[in-house]
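Q: For reference, this is target-v4.txt, and it has compact mmCIF, C-alpha atoms.
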```txt
# COMPACT_ATOMS: atom_id res chain seq x y z
CA MET A 15 -47.01 154.70 16.51
CA MET A 16 -49.45 151.97 17.57
CA GLU A 17 -49.44 150.58 14.06
CA ASN A 18 -45.69 150.14 14.30
CA LEU A 19 -45.99 148.34 17.65
CA GLU A 20 -48.66 146.03 16.23
CA TYR A 21 -46.53 145.28 13.18
CA ILE A 22 -43.48 144.61 15.37
CA GLU A 23 -45.42 142.36 17.70
CA ASP A 24 -46.96 140.39 14.84
CA PHE A 25 -43.48 139.87 13.45
CA PHE A 26 -42.02 138.50 16.70
CA LYS A 27 -45.07 136.44 17.65
CA SER A 28 -45.55 134.74 14.30
CA ASN A 29 -43.27 132.77 12.04
CA PRO A 30 -42.37 135.38 9.42
CA THR A 31 -41.55 134.34 5.88
CA GLU A 32 -38.13 135.11 4.38
CA ASP A 33 -39.62 138.04 2.47
CA GLN A 34 -41.20 139.43 5.63
CA LYS A 35 -37.86 139.09 7.43
CA LYS A 36 -36.06 140.99 4.67
CA GLU A 37 -38.65 143.76 4.77
CA PHE A 38 -38.40 143.99 8.55
CA ASP A 39 -34.57 144.11 8.48
CA GLN A 40 -34.64 146.80 5.82
CA LYS A 41 -36.98 148.97 7.86
CA ILE A 42 -34.71 148.71 10.90
CA ILE A 43 -31.64 149.67 8.90
CA SER A 44 -33.24 152.51 6.93
CA ASP A 45 -35.63 153.99 9.50
CA PRO A 46 -34.06 155.00 12.87
CA SER A 47 -37.48 155.73 14.36
CA PHE A 48 -38.68 152.22 13.51
CA ALA A 49 -35.49 150.73 14.96
CA GLU A 50 -36.21 152.61 18.19
CA ASP A 51 -39.73 151.18 18.25
CA VAL A 52 -38.33 147.66 17.88
CA ALA A 53 -35.81 148.25 20.68
CA PHE A 54 -38.54 149.67 22.92
CA TYR A 55 -40.88 146.73 22.22
CA LEU A 56 -38.19 144.21 23.15
CA SER A 57 -37.05 146.14 26.25
CA ALA A 58 -40.64 146.56 27.48
CA THR A 59 -41.33 142.85 27.00
CA GLN A 60 -38.17 141.93 28.88
CA SER A 61 -39.01 144.35 31.71
CA ALA A 62 -42.51 142.93 32.04
CA LEU A 63 -40.99 139.48 32.22
CA ASP A 64 -38.53 140.58 34.91
CA LEU A 65 -41.51 141.69 37.01
CA VAL A 66 -43.30 138.39 36.38
CA ASN A 67 -40.28 136.43 37.53
CA ALA A 68 -39.71 138.65 40.57
CA GLU A 69 -43.32 138.01 41.64
CA LYS A 70 -42.98 134.28 41.03
CA LYS A 71 -39.81 134.12 43.08
CA GLU A 72 -41.54 135.99 45.89
CA ASN A 73 -44.33 133.42 45.78
CA PHE A 74 -41.79 130.55 45.77
CA ARG A 75 -40.11 132.13 48.79
CA LYS A 76 -43.43 132.11 50.65
CA LEU A 77 -43.98 128.45 49.75
CA TYR A 78 -40.46 127.62 50.91
CA ASN A 79 -40.84 129.49 54.19
CA GLN A 80 -44.14 127.73 54.84
CA SER A 81 -42.44 124.36 54.48
CA VAL A 82 -39.76 124.83 57.15
CA PRO A 83 -40.47 121.53 58.97
CA ALA A 84 -40.23 119.66 55.65
CA LYS A 85 -36.75 121.08 55.07
CA VAL A 86 -35.39 119.56 58.26
CA VAL A 87 -35.96 115.93 57.31
CA ASP A 88 -34.46 114.41 54.18
CA ILE A 89 -37.55 112.86 52.61
CA LYS A 90 -35.58 110.06 50.97
CA THR A 91 -34.29 108.66 54.29
CA PRO A 92 -36.34 105.70 55.56
CA VAL A 93 -38.28 106.62 58.67
CA ARG A 94 -37.07 103.56 60.62
CA LYS A 95 -33.49 104.85 60.43
CA LEU A 96 -34.53 108.18 61.79
CA TRP A 97 -36.41 107.23 64.92
CA ARG A 98 -33.35 107.40 67.19
CA TYR A 99 -32.52 110.87 65.92
CA VAL A 100 -36.11 111.98 66.24
CA ALA A 101 -36.27 110.71 69.82
CA ALA A 102 -32.97 112.38 70.71
CA ALA A 103 -34.08 115.59 69.07
CA ALA A 104 -37.34 115.49 71.03
CA VAL A 105 -35.45 115.11 74.33
CA ILE A 106 -33.05 117.93 73.44
CA ALA A 107 -35.92 120.12 72.31
CA SER A 108 -37.82 119.45 75.56
CA VAL A 109 -34.78 120.38 77.66
CA PHE A 110 -34.23 123.45 75.53
CA ILE A 111 -37.86 124.57 75.81
CA ILE A 112 -37.89 124.04 79.60
CA ARG A 113 -34.62 125.95 79.91
CA LEU A 114 -36.02 128.69 77.71
CA LEU A 115 -39.20 128.96 79.80
CA ILE A 116 -37.31 129.07 83.10
CA PHE A 117 -34.27 131.15 82.23
CA SER A 118 -35.35 133.28 79.32
CA PRO A 119 -38.48 135.29 80.03
CA VAL A 120 -38.30 137.20 76.75
CA SER A 121 -37.81 135.41 73.44
CA VAL A 122 -35.17 137.00 71.23
CA GLU A 123 -37.34 136.26 68.21
CA GLU A 124 -40.20 138.21 69.80
CA LEU A 125 -37.94 141.17 70.50
CA ALA A 126 -36.67 141.14 66.92
CA ALA A 127 -40.13 140.71 65.40
CA LYS A 128 -41.53 143.57 67.51
CA TYR A 129 -38.69 145.86 66.49
CA GLU A 130 -39.04 144.96 62.81
CA LYS A 131 -42.80 145.53 62.90
CA GLU A 132 -42.52 148.88 64.69
CA ASN A 133 -39.46 150.31 62.94
CA LEU A 134 -38.75 148.58 59.65
CA THR A 135 -42.07 148.38 57.85
CA ASN A 136 -41.68 151.83 56.31
CA LEU A 137 -38.47 153.18 54.82
CA GLY A 138 -39.62 156.81 54.75
CA VAL A 139 -39.49 157.84 51.09
CA SER A 140 -39.27 161.56 51.76
CA MET A 141 -36.14 161.45 53.89
CA SER A 142 -33.67 162.12 51.12
CA ALA A 143 -33.48 163.53 47.66
CA ARG A 144 -32.05 160.37 46.12
CA GLY A 145 -32.75 159.24 42.55
CA ASP A 146 -35.87 157.55 41.27
CA SER A 147 -34.49 154.05 41.72
CA MET A 148 -33.95 154.42 45.44
CA GLN A 149 -37.40 155.95 45.88
CA LEU A 150 -38.90 153.18 43.75
CA GLY A 151 -37.24 150.53 45.92
CA LYS A 152 -38.49 152.17 49.10
CA ASN A 153 -41.99 152.55 47.68
CA LEU A 154 -42.08 148.89 46.69
CA TYR A 155 -40.89 147.86 50.15
CA ASN A 156 -43.41 150.11 51.90
CA LYS A 157 -46.19 148.58 49.80
CA GLY A 158 -45.15 145.08 50.86
CA ASN A 159 -43.25 144.12 47.69
CA ALA A 160 -40.01 143.31 49.49
CA ALA A 161 -38.73 140.95 46.80
CA GLN A 162 -39.08 143.52 44.05
CA ALA A 163 -37.62 146.19 46.33
CA LEU A 164 -34.61 143.94 46.95
CA ASN A 165 -34.16 143.56 43.19
CA VAL A 166 -34.16 147.34 42.80
CA PHE A 167 -31.66 147.90 45.63
CA GLU A 168 -29.40 145.18 44.25
CA SER A 169 -29.64 146.72 40.84
CA ILE A 170 -28.44 150.04 42.31
CA LEU A 171 -25.59 148.14 43.97
CA SER A 172 -24.60 146.47 40.71
CA ARG A 173 -23.84 149.97 39.41
CA ASN A 174 -22.52 151.39 42.65
CA PRO A 175 -21.48 148.66 45.10
CA THR A 176 -20.41 151.17 47.76
CA ASP A 177 -23.81 152.90 48.08
CA PHE A 178 -24.36 152.85 51.85
CA ASP A 179 -28.15 153.40 51.79
CA ALA A 180 -28.72 150.79 49.08
CA ARG A 181 -26.79 148.22 51.13
CA GLU A 182 -28.76 149.11 54.26
CA TYR A 183 -32.13 148.89 52.49
CA ALA A 184 -31.14 145.69 50.62
CA GLY A 185 -30.30 144.19 54.02
CA ILE A 186 -33.63 145.26 55.49
CA ALA A 187 -35.55 143.84 52.50
CA ALA A 188 -33.58 140.58 52.71
CA LEU A 189 -34.30 140.41 56.46
CA HIS A 190 -38.00 140.85 55.77
CA LEU A 191 -37.84 138.02 53.20
CA LYS A 192 -36.03 135.81 55.74
CA GLN A 193 -32.98 135.68 53.48
CA TYR A 194 -30.81 135.85 56.55
CA ASP A 195 -27.40 135.10 55.01
CA LYS A 196 -27.89 137.84 52.47
CA ALA A 197 -29.11 140.30 55.13
CA LEU A 198 -26.12 139.51 57.35
CA ASN A 199 -23.72 140.12 54.45
CA TYR A 200 -25.21 143.54 53.68
CA PHE A 201 -25.28 144.60 57.33
CA ALA A 202 -21.74 143.35 57.93
CA SER A 203 -20.53 145.35 54.94
CA ILE A 204 -22.02 148.62 56.27
CA ALA A 205 -20.91 147.82 59.82
CA SER A 206 -17.32 147.78 58.60
CA GLU A 207 -17.63 151.30 57.15
CA LYS A 208 -15.97 153.94 59.29
CA GLY A 209 -16.70 157.64 59.48
CA TYR A 210 -20.49 157.60 59.35
CA PHE A 211 -22.26 159.61 62.02
CA SER A 212 -25.01 157.03 62.16
CA ASN A 213 -24.21 153.41 61.33
CA PRO A 214 -26.82 150.82 62.32
CA GLY A 215 -24.91 147.93 60.65
CA LYS A 216 -23.85 146.13 63.81
CA PHE A 217 -27.26 146.56 65.44
CA TYR A 218 -28.99 145.16 62.36
CA GLN A 219 -26.59 142.20 62.33
CA ALA A 220 -27.68 141.44 65.90
CA LEU A 221 -31.34 141.92 64.94
CA THR A 222 -30.98 139.47 62.04
CA LEU A 223 -29.36 136.84 64.24
CA MET A 224 -32.12 137.27 66.83
CA LYS A 225 -34.80 136.84 64.20
CA ARG A 226 -33.08 133.82 62.65
CA ASN A 227 -32.44 132.31 66.10
CA ARG A 228 -30.38 129.32 65.08
CA PRO A 229 -28.06 127.63 67.63
CA LYS A 230 -25.37 130.11 68.75
CA ASP A 231 -27.19 133.03 67.06
CA LYS A 232 -28.35 134.41 70.40
CA GLU A 233 -24.81 134.35 71.84
CA GLU A 234 -23.45 136.07 68.75
CA ALA A 235 -26.25 138.66 68.87
CA ILE A 236 -25.49 139.43 72.54
CA LYS A 237 -21.81 139.91 71.67
CA LEU A 238 -22.73 142.36 68.90
CA LEU A 239 -25.23 144.24 71.08
CA LYS A 240 -22.55 144.65 73.76
CA GLU A 241 -20.23 146.15 71.12
CA VAL A 242 -23.01 148.52 70.05
CA VAL A 243 -23.38 149.70 73.67
CA ILE A 244 -19.63 149.94 74.40
CA GLU A 245 -18.85 151.78 71.15
CA ASN A 246 -22.00 153.93 71.57
CA LEU A 247 -23.14 153.11 68.03
CA SER A 248 -26.59 153.72 66.52
CA MET A 249 -29.44 152.15 68.53
CA SER A 250 -27.20 151.71 71.58
CA ASP A 251 -30.16 152.61 73.84
CA ILE A 252 -32.26 149.78 72.38
CA ALA A 253 -29.29 147.41 72.50
CA LYS A 254 -28.85 148.13 76.23
CA LYS A 255 -32.55 147.55 76.88
CA TRP A 256 -32.46 144.24 75.01
CA LEU A 257 -29.37 143.07 76.84
CA ASP A 258 -31.18 143.68 80.14
CA GLN A 259 -34.22 141.75 78.89
CA MET A 260 -32.11 138.84 77.68
CA LYS A 261 -30.31 138.32 81.00
CA MET B 18 -34.50 107.76 14.53
CA SER B 19 -36.29 106.24 17.50
CA VAL B 20 -36.51 108.23 20.70
CA THR B 21 -36.88 106.37 23.96
CA LYS B 22 -39.50 108.01 26.15
CA ILE B 23 -39.75 107.41 29.87
CA ILE B 24 -43.13 106.60 31.38
CA LEU B 25 -43.60 109.54 33.69
CA HIS B 26 -44.77 109.33 37.28
CA SER B 27 -48.39 110.44 37.72
CA THR B 28 -47.30 113.52 39.72
CA ASP B 29 -45.02 114.57 36.86
CA GLN B 30 -47.82 114.01 34.35
CA GLU B 31 -50.13 116.17 36.43
CA ILE B 32 -47.49 118.93 36.72
CA LEU B 33 -46.88 118.90 32.97
CA HIS B 34 -50.59 118.94 32.25
CA ASN B 35 -51.25 121.86 34.61
CA LEU B 36 -48.30 123.89 33.30
CA ASN B 37 -49.76 123.76 29.83
CA GLN B 38 -53.16 125.05 30.98
CA PRO B 39 -54.04 128.73 31.11
CA GLY B 40 -54.68 130.83 34.20
CA LEU B 41 -55.05 129.39 37.66
CA MET B 42 -54.23 125.83 36.60
CA LYS B 43 -50.86 127.00 35.35
CA ARG B 44 -50.17 128.81 38.64
CA ARG B 45 -51.14 125.63 40.47
CA GLY B 46 -48.79 123.62 38.28
CA GLU B 47 -45.94 126.04 39.01
CA GLU B 48 -46.46 125.75 42.77
CA GLN B 49 -46.85 121.98 42.57
CA PHE B 50 -43.62 121.73 40.56
CA PHE B 51 -41.77 123.95 43.05
CA ASN B 52 -43.06 122.01 46.07
CA THR B 53 -42.41 118.53 44.64
CA TYR B 54 -38.65 118.96 44.25
CA MET B 55 -38.07 121.56 46.95
CA TYR B 56 -35.68 119.17 48.72
CA PHE B 57 -33.13 120.02 45.98
CA ILE B 58 -32.47 123.20 47.99
CA ARG B 59 -31.11 121.07 50.82
CA GLU B 60 -29.02 119.05 48.36
CA GLY B 61 -27.63 122.28 46.92
CA MET B 62 -26.56 123.29 50.43
CA GLN B 63 -24.96 119.91 51.13
CA LYS B 64 -23.38 119.04 47.79
CA HIS B 65 -22.36 122.49 46.58
CA SER B 66 -21.76 124.15 49.96
CA LEU B 67 -24.20 126.92 49.07
CA SER B 68 -25.97 128.99 51.72
CA GLU B 69 -29.71 128.45 52.10
CA ASP B 70 -30.48 131.69 50.22
CA GLU B 71 -28.12 130.80 47.38
CA ALA B 72 -29.54 127.29 47.06
CA PHE B 73 -33.05 128.75 47.10
CA ASP B 74 -32.12 131.22 44.33
CA ALA B 75 -30.57 128.45 42.22
CA TYR B 76 -33.61 126.22 42.73
CA SER B 77 -36.25 128.87 41.99
CA ASP B 78 -34.31 130.01 38.89
CA SER B 79 -34.15 126.36 37.79
CA ILE B 80 -37.91 125.97 38.21
CA LEU B 81 -38.59 129.15 36.21
CA SER B 82 -36.22 128.02 33.47
CA ALA B 83 -37.74 124.53 33.40
CA ILE B 84 -41.30 125.90 33.24
CA ASP B 85 -40.32 128.04 30.26
CA LYS B 86 -38.78 125.04 28.50
CA ILE B 87 -41.81 122.85 29.22
CA ILE B 88 -44.23 125.45 27.85
CA HIS B 89 -42.15 125.86 24.70
CA GLY B 90 -41.83 122.11 24.14
CA GLY B 91 -38.27 121.83 25.41
CA PHE B 92 -38.98 118.85 27.67
CA GLU B 93 -38.99 115.75 25.48
CA GLY B 94 -39.72 113.15 28.14
CA ARG B 95 -36.45 111.27 27.59
CA SER B 96 -35.81 111.30 31.32
CA THR B 97 -37.98 111.78 34.37
CA LEU B 98 -38.92 115.33 35.29
CA LYS B 99 -36.77 114.98 38.41
CA THR B 100 -33.62 113.95 36.53
CA TRP B 101 -34.12 116.67 33.96
CA LEU B 102 -34.76 119.37 36.57
CA TYR B 103 -31.77 118.21 38.60
CA GLN B 104 -29.49 118.72 35.59
CA ILE B 105 -30.74 122.30 35.25
CA PHE B 106 -30.38 122.84 39.00
CA HIS B 107 -26.85 121.42 39.01
CA HIS B 108 -25.81 123.84 36.26
CA LYS B 109 -27.41 126.76 38.10
CA CYS B 110 -25.49 125.83 41.27
CA VAL B 111 -22.20 125.64 39.37
CA ASP B 112 -22.94 129.00 37.69
CA LEU B 113 -23.72 130.50 41.07
CA ILE B 114 -20.44 129.25 42.53
CA ARG B 115 -18.60 130.83 39.59
CA LYS B 116 -20.45 134.11 40.04
CA LYS B 117 -20.06 134.24 43.81
CA THR B 118 -16.79 136.12 43.65
CA THR B 119 -18.35 138.91 41.56
CA ASN B 120 -21.36 139.14 43.92
CA LYS B 121 -23.83 139.42 41.07
CA SER B 122 -27.44 138.62 41.80
CA SER B 123 -29.02 136.21 39.39
CA VAL B 124 -32.31 137.17 37.85
CA HIS B 125 -33.81 134.55 35.63
CA GLN B 126 -34.92 135.79 32.24
CA THR B 127 -37.31 133.50 30.39
CA ILE B 128 -37.52 134.61 26.78
CA THR B 129 -34.22 136.35 26.45
CA LEU B 130 -33.76 139.27 24.14
CA ALA B 131 -31.29 137.12 22.25
CA ASP B 132 -34.07 134.62 21.48
CA MET B 133 -36.25 137.32 19.97
CA LEU B 134 -33.41 139.01 18.11
CA PHE B 135 -32.64 135.66 16.53
CA GLN B 136 -35.32 136.39 13.95
CA ILE B 137 -33.49 139.35 12.39
CA SER B 138 -30.29 139.68 10.38
CA ASP B 139 -26.93 140.49 12.00
CA THR B 140 -26.84 144.03 10.63
CA ALA B 141 -30.33 144.88 11.88
CA LYS B 142 -29.60 143.05 15.14
CA SER B 143 -26.59 145.22 15.92
CA VAL B 144 -28.66 148.39 15.28
CA VAL B 145 -31.37 147.22 17.69
CA GLN B 146 -28.89 145.86 20.23
CA ASN B 147 -27.11 149.23 20.38
CA LEU B 148 -30.43 150.92 21.14
CA ILE B 149 -31.37 148.30 23.76
CA ASP B 150 -28.02 148.82 25.48
CA LYS B 151 -29.09 152.40 26.17
CA THR B 152 -32.24 151.28 28.00
CA ASP B 153 -32.57 152.46 31.58
CA TRP B 154 -34.00 149.19 32.89
CA GLU B 155 -34.84 150.48 36.35
CA GLN B 156 -36.66 153.45 34.92
CA LEU B 157 -38.60 151.21 32.54
CA ARG B 158 -39.59 148.81 35.33
CA ALA B 159 -40.57 151.79 37.50
CA LYS B 160 -42.81 153.18 34.78
CA LEU B 161 -44.30 149.74 34.22
CA ASN B 162 -45.27 149.70 37.88
CA GLN B 163 -46.83 153.13 37.47
CA LEU B 164 -49.27 151.92 34.82
CA GLY B 165 -52.76 151.02 36.02
CA GLU B 166 -53.09 147.50 37.43
CA ASN B 167 -54.98 146.20 34.37
CA CYS B 168 -52.32 147.51 31.98
CA ARG B 169 -49.54 146.09 34.10
CA GLN B 170 -51.25 142.69 34.31
CA MET B 171 -51.93 142.58 30.57
CA LEU B 172 -48.31 143.34 29.68
CA MET B 173 -46.98 140.86 32.23
CA LEU B 174 -49.29 138.05 31.13
CA SER B 175 -48.45 138.70 27.48
CA ALA B 176 -44.70 138.71 28.19
CA GLU B 177 -45.18 135.42 30.04
CA GLY B 178 -46.57 133.88 26.87
CA PHE B 179 -50.32 134.03 27.54
CA SER B 180 -52.37 134.51 24.37
CA ASP B 181 -54.81 137.42 24.11
CA LYS B 182 -57.63 134.89 24.37
CA ASP B 183 -56.22 133.55 27.65
CA ILE B 184 -55.77 137.10 28.93
CA SER B 185 -59.36 137.97 28.08
CA GLY B 186 -60.48 135.04 30.23
CA GLU B 187 -58.11 135.94 33.06
CA LEU B 188 -58.95 139.62 33.24
CA GLY B 189 -62.60 139.52 32.17
CA TYR B 190 -62.39 141.19 28.75
CA LYS B 191 -65.01 140.36 26.12
CA THR B 192 -62.74 139.25 23.29
CA ALA B 193 -59.11 138.66 22.39
CA ASP B 194 -59.28 141.61 19.97
CA VAL B 195 -60.26 143.96 22.79
CA VAL B 196 -57.28 142.68 24.79
CA LYS B 197 -54.90 143.19 21.88
CA THR B 198 -56.03 146.78 21.29
CA SER B 199 -55.96 147.62 25.02
CA ARG B 200 -52.57 145.96 25.46
CA LEU B 201 -50.99 147.89 22.59
CA ARG B 202 -52.43 151.11 24.03
CA CYS B 203 -50.82 150.22 27.36
CA LEU B 204 -47.52 149.66 25.59
CA GLU B 205 -47.84 153.06 23.94
CA LYS B 206 -48.70 154.65 27.30
CA LEU B 207 -45.63 153.00 28.80
CA ARG B 208 -43.47 154.46 26.04
CA GLN B 209 -44.84 157.95 26.67
CA LEU B 210 -44.21 157.60 30.42
CA TYR B 211 -40.71 156.28 29.80
CA LYS B 212 -39.81 159.05 27.37
CA ALA B 213 -41.32 161.85 29.46
CA PRO B 214 -38.63 163.99 31.10
```
Represent the structure contained in this file as structure tokens.
A:
Amino acid sequence: MMENLEYIEDFFKSNPTEDQKKEFDQKIISDPSFAEDVAFYLSATQSALDLVNAEKKENFRKLYNQSVPAKVVDIKTPVRKLWRYVAAAAVIASVFIIRLLIFSPVSVEELAAKYEKENLTNLGVSMSARGDSMQLGKNLYNKGNAAQALNVFESILSRNPTDFDAREYAGIAALHLKQYDKALNYFASIASEKGYFSNPGKFYQALTLMKRNRPKDKEEAIKLLKEVVIENLSMSDIAKKWLDQMK
Amino acid sequence: MSVTKIILHSTDQEILHNLNQPGLMKRRGEEQFFNTYMYFIREGMQKHSLSEDEAFDAYSDSILSAIDKIIHGGFEGRSTLKTWLYQIFHHKCVDLIRKKTTNKSSVHQTITLADMLFQISDTAKSVVQNLIDKTDWEQLRAKLNQLGENCRQMLMLSAEGFSDKDISGELGYKTADVVKTSRLRCLEKLRQLYKAP
């Protein structure tokens, strides 16, 4: 078996002659077992490469997240044209910070981060008897490989777009990776599902907005949390507590 | 035929140099490349009306694709690295806009199967392609993750294009031959894991 793999690898990694190509083709056509070895070699190489790229993208995401201040300013714009905007932004930011310190004793980001840390760092692999893929995704997430986990959950969704759990976990993984738009889409899609005894979609939408904390996100999160309380949805007790803390 | 070559900026020269080095220097080159043109993400959001996540995906896929081309000699230096990368990025953004309605996630694949299958005749290709179509990709990736860390690293570095000599330096093996033997054993182990019921 190993001899076959070595032969196959040497063929693909070198520049085979025309005679070698003919011999290789003939073996594929006449020997089903050899053809399977070739298919396995190529599939394994592609899978290894998928993992490489998933890890690289995760690393790029970290680099991107670390550079948040750099994203705000267009680096090609001359600084002298920006000073008015910078000054105005500084004044607005000061007012906002003062207002936040006086009127908002608890930061929504802190609430969201605390909840995520305490409740969403482990997806509990033994909770259901789902297939290997779902367990693999959860295992990857629990081990801190959120980007790979997201790939797995999205791969499940590419086959079965209505899978409720896969959408929920994909949303959680995206939230962890700060891919907020993606997380909001997944959570919104499960929030719109009716008939589930437990549906955390709306609560998670609010959580995502609180963590993202862009202008108007807090207002939108409060609106969603109120709906969670009024409709007595999943996590309504936490939603009520947060609403009290955000007053 | 004469080919006009652009004199590259020193940062671009450094990126290209690092990308063609093994090991840590290559990683450094990848990060340097990503960081240098990261502002494309913002342009993707403004010019193509993409969300931040979508623009990030398009940009990181463009970087991965560009790195692969650079390593395989696909960057000829007829434009600056920025202009060349922007063309790739622009195409990725347009592809993403087209795919948006089908909600498919884009996963960049460097050496595609098609590239490797190019070496064999159409008849043999269709035999192999039919077998590849039956691959359970998730299962295969899961089993790959179940291999020991050394095995996993060896297969990933090899798939990325590292030579056995480079891998021996990276992972502390004595010779390239030892790496090759160990790597093929890992591949065999992966096949047994994958085929096990």
Q: As a PyMOL selection string, please: the residues near stretch 50-52 of chain B (cut-off 12 Å, all atoms listed in the file, same-chain neighbours under 5 positions excluded).
A: (chain A and resi 70-71+73-82+84-85) or (chain B and resi 28-36+43-45+57-58+73+76-84+87+98-99+102)
Q: By how many Å are atom CA of A:Ala101 and atom CA of A:Arg228 apart?
A: 20.1 Å
Q: Starting from chain A, keep only residues with some atom at most 6 Å from an atom of chain B, counting only C-alpha atoms, and report them as a list in words.
A: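 Listed by rising number, the hits are Asp39, Ile42, Ile43, Ala53, Thr59, Ser61, Ala62, Leu63 and Gln193 of chain A.
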Q: Identify the residues around (-31.7, 139.0, 65.9) within a radius of 10 Å, measuring from all atoms listed in the file in the coordinates stated by the file, and give them as a PDB file with C-alpha atoms, in the frame of the given file.
A:
```pdb
ATOM      1  CA  VAL A 122     -35.170 137.000  71.230  1.00  0.00           C
ATOM      2  CA  GLU A 123     -37.340 136.260  68.210  1.00  0.00           C
ATOM      3  CA  GLU A 124     -40.200 138.210  69.800  1.00  0.00           C
ATOM      4  CA  LEU A 125     -37.940 141.170  70.500  1.00  0.00           C
ATOM      5  CA  ALA A 126     -36.670 141.140  66.920  1.00  0.00           C
ATOM      6  CA  ALA A 127     -40.130 140.710  65.400  1.00  0.00           C
ATOM      7  CA  TYR A 129     -38.690 145.860  66.490  1.00  0.00           C
ATOM      8  CA  GLU A 130     -39.040 144.960  62.810  1.00  0.00           C
ATOM      9  CA  LEU A 189     -34.300 140.410  56.460  1.00  0.00           C
ATOM     10  CA  TYR A 194     -30.810 135.850  56.550  1.00  0.00           C
ATOM     11  CA  PHE A 217     -27.260 146.560  65.440  1.00  0.00           C
ATOM     12  CA  TYR A 218     -28.990 145.160  62.360  1.00  0.00           C
ATOM     13  CA  GLN A 219     -26.590 142.200  62.330  1.00  0.00           C
ATOM     14  CA  ALA A 220     -27.680 141.440  65.900  1.00  0.00           C
ATOM     15  CA  LEU A 221     -31.340 141.920  64.940  1.00  0.00           C
ATOM     16  CA  THR A 222     -30.980 139.470  62.040  1.00  0.00           C
ATOM     17  CA  LEU A 223     -29.360 136.840  64.240  1.00  0.00           C
ATOM     18  CA  MET A 224     -32.120 137.270  66.830  1.00  0.00           C
ATOM     19  CA  LYS A 225     -34.800 136.840  64.200  1.00  0.00           C
ATOM     20  CA  ARG A 226     -33.080 133.820  62.650  1.00  0.00           C
ATOM     21  CA  ASN A 227     -32.440 132.310  66.100  1.00  0.00           C
ATOM     22  CA  ARG A 228     -30.380 129.320  65.080  1.00  0.00           C
ATOM     23  CA  ASP A 231     -27.190 133.030  67.060  1.00  0.00           C
ATOM     24  CA  LYS A 232     -28.350 134.410  70.400  1.00  0.00           C
ATOM     25  CA  GLU A 234     -23.450 136.070  68.750  1.00  0.00           C
ATOM     26  CA  ALA A 235     -26.250 138.660  68.870  1.00  0.00           C
ATOM     27  CA  ILE A 236     -25.490 139.430  72.540  1.00  0.00           C
ATOM     28  CA  LEU A 239     -25.230 144.240  71.080  1.00  0.00           C
TER      29      LEU A 239
END
```
Q: Separation of atom CA of B:Lys86 and atom CA of B:Gln104, in Å?
A: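 Answer for the atom CA of B:Lys86 to atom CA of B:Gln104 separation: 13.3 Å.
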